[in-house]
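The structure appears right after this line, and notes come after that.
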Amino acid sequence: MKFTIEWLKEHLETDATLEEIVDTLTMTGTEVEAIEDQGKVLEAFTICEVISAEQHPNADRLRVCMVNTGSGDPVKVVCGAPNAKTGMKGVFAGSGTYIPGTDFTLAKGVIRGEESNGMLCSERELLISDNHDGIIELPADAPVGQKYVDYANINDVLIEVEITPNRGDCVSIYGLARELAAAGVGTLVDPSVTPVPSTSPSPVPALEQRFDDDEPKTIRQFAGRVIKNIKNGPSPDWMQKKLISVGMRPINALVDITNYVSHGWGRPLHAYDVDKLSGTPYLRNASPGEEILALDGKTYKLDATMCVIADDSGAICLGGVMGGTTTGCTDETTTVLMESATWDPMLVAKTGRKTGIVSDARFRLERSVDPALTMPGLERATQLIVDICGGEVCEPVVSGENEIPEIVINFPWDEVKRLTGLTINRAEIRAALVLLGFWVSGTGDVTKVAVPSWRTDIKIKADLVEEVMRIIGVDKVPVEPLERLSGVAQKILTPIQNRRRIVRRALAARGMHEAVTWSFVSKDEAVLFGGGADELALANPISPELAHMRPSLLPGLLAASVRNSNRSYADIALFEVGQVFGDDTPEGQRTFASVIRTGTAGLTGSGRHWQSKADKVDVFDAKADMIAALDALGIDANKAQLLDESASWAHPGRGGRIQLGPKNVLGWFGEIHPSILADLDIAGPIVAFEINLDALPVPRAKASKAKSALNASDLMPLKRDFSFVLQSDVQAGKMLKAASSANKNLISGVSLFDVFEGANLGENKKSLGLEVTIQPRGKSLTEEEIEAISASVIKAVEKATGGQLRA
């Protein structure tokens, strides 16, 4: 929203500097986006005198003017204005001057054979008004050579601020003035308005509201007033100047008054030409497919959720959003119906989104305009119409009721200290709230605070604390450094938050890049990964490709891999941590961590290299990634069950599942099924894993440092190799687990170092080489003790696998 310092001072008595105003707005929570010195924009324009204005020899509508600029020789200017004449004084722009009204930089040129070295300017070219019928003509005593901004006293400053969706009280200059006054920057001007007496009954009755009980009803209260025998036309210069200064285009007095009241006091209005009404206007919801030609010149198709003001001809205004052209006011309007209405903010916003209309009325009404302004806004507009256009004022008519919530909050004084750390006495807290318009009553430890009608965003006591903090100063909040996260993560984070943090760090440490993808996928993609149920379809998707809640993180990661591959990044490792949706219940929403590796982005590195061949990713890369992630999360994969049962999205025989029992599956890993890659038009191979973070058990407390130190040994470990002949369908993991359990105190590590299959082993046989690391503790082991450990390893493996020690 834009405003000027001059306009602000109509609502705020202040001597504050520009810097103080801007700093105060920022510190109270209103972000200042831009500051424009309007005088500086026009600084290069000077007052000139036209010495001569001769007819252009090659053009009927052009004149060749010799201009005295007050410095140096006269300048030749070719001008097309009809009022350019000898002896007049105007505004001159030399070559190289930026013309703000037409957004271009002036250059020397030749026009129909005559040289032109500047421009005589109109009001529109200087953004003074919308008038472009001729050039500016100044009084005869205007000093030649003086800067036009000094002569015309154009020294205002334009400020643009960002208004958040919850601050409907700040969508007007008066609302911003109220904020500044509460922060001590000036005194707020009393906004009260004297009701304008009526001279006759209204020829238009109170608008009937025709809605069924089950229909959405956007309108709350509609107030209207007819003013007869007016004389419409251009608005006064002072009003046009204000509207132009904030980027609004003057149209006529009636329309300008609605914009002036809306921008100044935050009360959107609309004016209807009564003579253009067909029958009695009323309020209803639009018929499906009904259309309206709006004031922006576009035709919009409406639906049954949108409220319209209608007459016998159809819809004449889209309620809370934009009026229609059929009843718009022009210079010929003599009788006007002025509307001041209160609307449901959410329904106004929905109508605006559906139609795509972005209007000043929608901007304010969807942020909740003060419902108490309905009648004062109408009275203010009526007084301005009478002052500018004259006329006879009829009695106001009102239908519906305003919903003005009466919110009273029990507010403990010490809540400010608890939530912000600020040490403020009760008198200061009370003063801050009263200045903002709150009513404060009570002297005990808990006081009652009534919320004003314009602060619909204040609901709970924490909101009041925020208000106090804004006015006292956010910069006064004490800075307290937080403890290191590693020491307090268990205290301040929930288990699932901590798991998300840990797994992100673990996967990033393995050289992967985090991705954040849409929570929505197409129905076809959802079906490929076990989803696609009707209850997970979006009611109003933004596109068919984003129509279903995702059953897995993998579709988004695969789509990201395609976008990277299309940009010549075919070898990538991506991970994502986020929600997946099994059904539409809260329990059906789970947190997963998922990874994909593509091309040659395996654990041994990616891309080609002269020292080694670039290997394609395989299932063991995904398995290693998953085990590393589980290890970081406190899950010992050696104690979990590893099954060769692939996920539905994995290649049969090239995937597996890790679980802590048949009812607690931790996740899956494997190579993406070729049919899925084909359906998604993706080149393989691609490997992936998924971990259900919600399925992880809460880790036990870690051993103390003292206990861990006792487990360490200063004796050298020793290694023993074993080779077993097994059936070819026996899993290596089964052998490794059996060997490590043979002596848990002394066996510190088990690894597979060789796999051999040959005819000399027998049919359906294989040989697996096993390295066992033995860690002595407390004393060196004797040969007999080492042999006993070896024997226990052999016995455990043979019992678990049915294999035999290879001779």
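Labeling convention for the structure tokens: chains A, B, ... as they appear, residues from 1 per chain, ligands from 1 in order of appearance.
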
Contacts of Leu768 in chain A at 7 Å or less, counting only C-alpha atoms, minus same-chain residues fewer than 5 places along, as an MDAnalysis selection string?
chainID A and resid 723:725 754:756

How would the residues just chosen look if you wrote them out with C-alpha atoms as a PDB file, in the first residue's frame?
```
ATOM      1  CA  SER A 723      35.504 -70.271   4.314  1.00  0.00           C
ATOM      2  CA  PHE A 724      32.163 -72.086   4.340  1.00  0.00           C
ATOM      3  CA  VAL A 725      30.434 -74.095   1.650  1.00  0.00           C
ATOM      4  CA  ASP A 754      35.011 -63.592  -0.907  1.00  0.00           C
ATOM      5  CA  VAL A 755      32.219 -65.268  -2.880  1.00  0.00           C
ATOM      6  CA  PHE A 756      32.995 -68.273  -5.118  1.00  0.00           C
TER       7      PHE A 756
END
```

Can you write out as a tab-separated table which residues of range 569-660 of chain A fall within 10 Å of range 510-516 of chain A, alongside each residue's closest atom pair and its distance in Å to one decimal, counting only C-alpha atoms and ordering rows by chain and ascending residue number?
```
residue	atom	partner	partner_atom	distance
A:Ile572	CA	A:Met512	CA	7.8
A:Ala573	CA	A:Met512	CA	5.0
A:Leu574	CA	A:His513	CA	4.9
A:Phe575	CA	A:Glu514	CA	5.0
A:Glu576	CA	A:Ala515	CA	5.3
A:Val577	CA	A:Val516	CA	8.0
A:Gly578	CA	A:Val516	CA	8.2
A:Val595	CA	A:Met512	CA	8.5
A:Ile596	CA	A:Met512	CA	9.2
A:Arg597	CA	A:Met512	CA	8.8
A:Ala601	CA	A:Met512	CA	9.5
A:Leu603	CA	A:Arg510	CA	8.4
A:Gly605	CA	A:Gly511	CA	9.5
A:Asp625	CA	A:Arg510	CA	8.0
A:Ala628	CA	A:Arg510	CA	8.9
A:Ala629	CA	A:Arg510	CA	9.6
```

Write to file, as an mmCIF file, in the first residue's frame, the residues of the selection just made, with N, CA, C and O atoms.
```
data_model
loop_
_atom_site.group_PDB
_atom_site.id
_atom_site.type_symbol
_atom_site.label_atom_id
_atom_site.label_comp_id
_atom_site.auth_asym_id
_atom_site.auth_seq_id
_atom_site.Cartn_x
_atom_site.Cartn_y
_atom_site.Cartn_z
ATOM 1 N N ILE A 572 23.275 -38.248 -10.229
ATOM 2 C CA ILE A 572 22.972 -37.457 -9.035
ATOM 3 C C ILE A 572 22.525 -38.367 -7.904
ATOM 4 O O ILE A 572 22.058 -39.496 -8.115
ATOM 5 N N ALA A 573 22.668 -37.857 -6.683
ATOM 6 C CA ALA A 573 22.180 -38.531 -5.481
ATOM 7 C C ALA A 573 21.338 -37.528 -4.714
ATOM 8 O O ALA A 573 21.840 -36.500 -4.265
ATOM 9 N N LEU A 574 20.044 -37.801 -4.608
ATOM 10 C CA LEU A 574 19.105 -36.885 -3.970
ATOM 11 C C LEU A 574 18.426 -37.562 -2.791
ATOM 12 O O LEU A 574 18.201 -38.775 -2.804
ATOM 13 N N PHE A 575 18.072 -36.762 -1.786
ATOM 14 C CA PHE A 575 17.258 -37.293 -0.697
ATOM 15 C C PHE A 575 16.202 -36.267 -0.315
ATOM 16 O O PHE A 575 16.337 -35.077 -0.577
ATOM 17 N N GLU A 576 15.136 -36.749 0.292
ATOM 18 C CA GLU A 576 14.085 -35.878 0.806
ATOM 19 C C GLU A 576 13.530 -36.471 2.085
ATOM 20 O O GLU A 576 13.415 -37.696 2.216
ATOM 21 N N VAL A 577 13.182 -35.609 3.011
ATOM 22 C CA VAL A 577 12.530 -36.013 4.251
ATOM 23 C C VAL A 577 11.199 -35.265 4.308
ATOM 24 O O VAL A 577 11.188 -34.028 4.289
ATOM 25 N N GLY A 578 10.102 -35.987 4.352
ATOM 26 C CA GLY A 578 8.803 -35.321 4.332
ATOM 27 C C GLY A 578 7.666 -36.282 4.564
ATOM 28 O O GLY A 578 7.857 -37.467 4.857
ATOM 29 N N VAL A 595 15.738 -41.796 -0.631
ATOM 30 C CA VAL A 595 16.957 -41.495 -1.382
ATOM 31 C C VAL A 595 16.867 -42.136 -2.753
ATOM 32 O O VAL A 595 16.299 -43.224 -2.904
ATOM 33 N N ILE A 596 17.421 -41.448 -3.769
ATOM 34 C CA ILE A 596 17.655 -42.098 -5.059
ATOM 35 C C ILE A 596 19.093 -41.815 -5.488
ATOM 36 O O ILE A 596 19.644 -40.755 -5.173
ATOM 37 N N ARG A 597 19.686 -42.763 -6.169
ATOM 38 C CA ARG A 597 20.981 -42.587 -6.844
ATOM 39 C C ARG A 597 20.782 -42.982 -8.299
ATOM 40 O O ARG A 597 20.141 -44.005 -8.590
ATOM 41 N N ALA A 601 26.273 -42.425 -9.975
ATOM 42 C CA ALA A 601 26.414 -41.732 -8.689
ATOM 43 C C ALA A 601 26.370 -42.719 -7.538
ATOM 44 O O ALA A 601 25.569 -42.608 -6.610
ATOM 45 N N LEU A 603 28.502 -45.254 -4.517
ATOM 46 C CA LEU A 603 29.343 -44.956 -3.358
ATOM 47 C C LEU A 603 30.796 -44.783 -3.744
ATOM 48 O O LEU A 603 31.571 -44.161 -3.010
ATOM 49 N N GLY A 605 31.894 -43.054 -6.199
ATOM 50 C CA GLY A 605 32.075 -41.807 -6.932
ATOM 51 C C GLY A 605 31.244 -41.811 -8.190
ATOM 52 O O GLY A 605 30.662 -42.824 -8.576
ATOM 53 N N ASP A 625 23.450 -47.117 1.892
ATOM 54 C CA ASP A 625 22.886 -45.827 2.307
ATOM 55 C C ASP A 625 21.862 -46.014 3.412
ATOM 56 O O ASP A 625 21.835 -45.268 4.400
ATOM 57 N N ALA A 628 23.486 -46.966 6.733
ATOM 58 C CA ALA A 628 24.160 -45.807 7.311
ATOM 59 C C ALA A 628 23.156 -44.859 7.956
ATOM 60 O O ALA A 628 23.398 -44.314 9.033
ATOM 61 N N ALA A 629 22.010 -44.647 7.286
ATOM 62 C CA ALA A 629 20.985 -43.773 7.845
ATOM 63 C C ALA A 629 20.408 -44.361 9.124
ATOM 64 O O ALA A 629 20.205 -43.646 10.118
#
```

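Minimum atom-to-atom distance to Val772 in chain A, evaluated using only C-alpha atoms, belongs to A:Pro717 out of A:Gly29, A:Gly94, A:Pro717, A:Pro288.
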
Rank A:Leu18, A:Ile47, A:Ile111, A:Ile159 by their smallest atom-to-atom distance to Glu33 in chain A, using only C-alpha atoms, and report the top residue only.
A:Ile159

Name all residues at most 6 Å from Ala93 in chain A (count only C-alpha atoms; drop same-chain ones fewer than 3 positions away) and give them as a PDB file with N, CA, C and O atoms, in the first residue's frame.
```pdb
ATOM      1  N   PHE A  45      13.217  19.127 -14.367  1.00  0.00           N
ATOM      2  CA  PHE A  45      12.264  19.939 -15.132  1.00  0.00           C
ATOM      3  C   PHE A  45      12.330  21.399 -14.667  1.00  0.00           C
ATOM      4  O   PHE A  45      12.316  21.671 -13.454  1.00  0.00           O
ATOM      5  N   GLY A 118      14.379  18.944 -26.995  1.00  0.00           N
ATOM      6  CA  GLY A 118      13.740  18.882 -25.686  1.00  0.00           C
ATOM      7  C   GLY A 118      12.252  18.693 -25.823  1.00  0.00           C
ATOM      8  O   GLY A 118      11.732  18.304 -26.876  1.00  0.00           O
ATOM      9  N   MET A 119      11.525  19.014 -24.726  1.00  0.00           N
ATOM     10  CA  MET A 119      10.085  18.799 -24.712  1.00  0.00           C
ATOM     11  C   MET A 119       9.420  19.842 -23.829  1.00  0.00           C
ATOM     12  O   MET A 119       9.952  20.217 -22.777  1.00  0.00           O
TER      13      MET A 119
END
```

Exercise: range 266-276 of chain A partners within 6 Å, only C-alpha atoms, chain neighbours under 6 positions left out, as a PDB file with C-alpha atoms, in the first residue's frame:
```
ATOM      1  CA  VAL A 171      -5.011  -1.031   4.925  1.00  0.00           C
ATOM      2  CA  SER A 172      -5.648   2.705   5.178  1.00  0.00           C
ATOM      3  CA  THR A 258     -14.963   6.276  -3.224  1.00  0.00           C
ATOM      4  CA  THR A 327     -24.517   0.950 -13.617  1.00  0.00           C
ATOM      5  CA  GLY A 328     -21.171   2.756 -13.487  1.00  0.00           C
ATOM      6  CA  CYS A 329     -21.118   6.502 -12.805  1.00  0.00           C
ATOM      7  CA  THR A 335     -28.563  10.479  -9.026  1.00  0.00           C
ATOM      8  CA  VAL A 336     -26.217   8.118  -7.218  1.00  0.00           C
ATOM      9  CA  LEU A 337     -26.672   5.194  -4.826  1.00  0.00           C
ATOM     10  CA  MET A 338     -23.587   5.029  -2.593  1.00  0.00           C
ATOM     11  CA  GLU A 339     -22.842   1.590  -1.121  1.00  0.00           C
ATOM     12  CA  SER A 340     -21.001   0.879   2.126  1.00  0.00           C
ATOM     13  CA  ALA A 361     -11.793  -3.390  -2.608  1.00  0.00           C
ATOM     14  CA  GLY A 377     -17.832   5.585   5.877  1.00  0.00           C
TER      15      GLY A 377
END
```

List every residue of range 347-589 of chain A that DSSP, applied to the backbone, labels as strand (DSSP E or B), and write the result as a ChimeraX atom specification.
/A:392-394,397-400,408-412,439-441,446-450,513-514,520-521,537,548-549,573-581,589
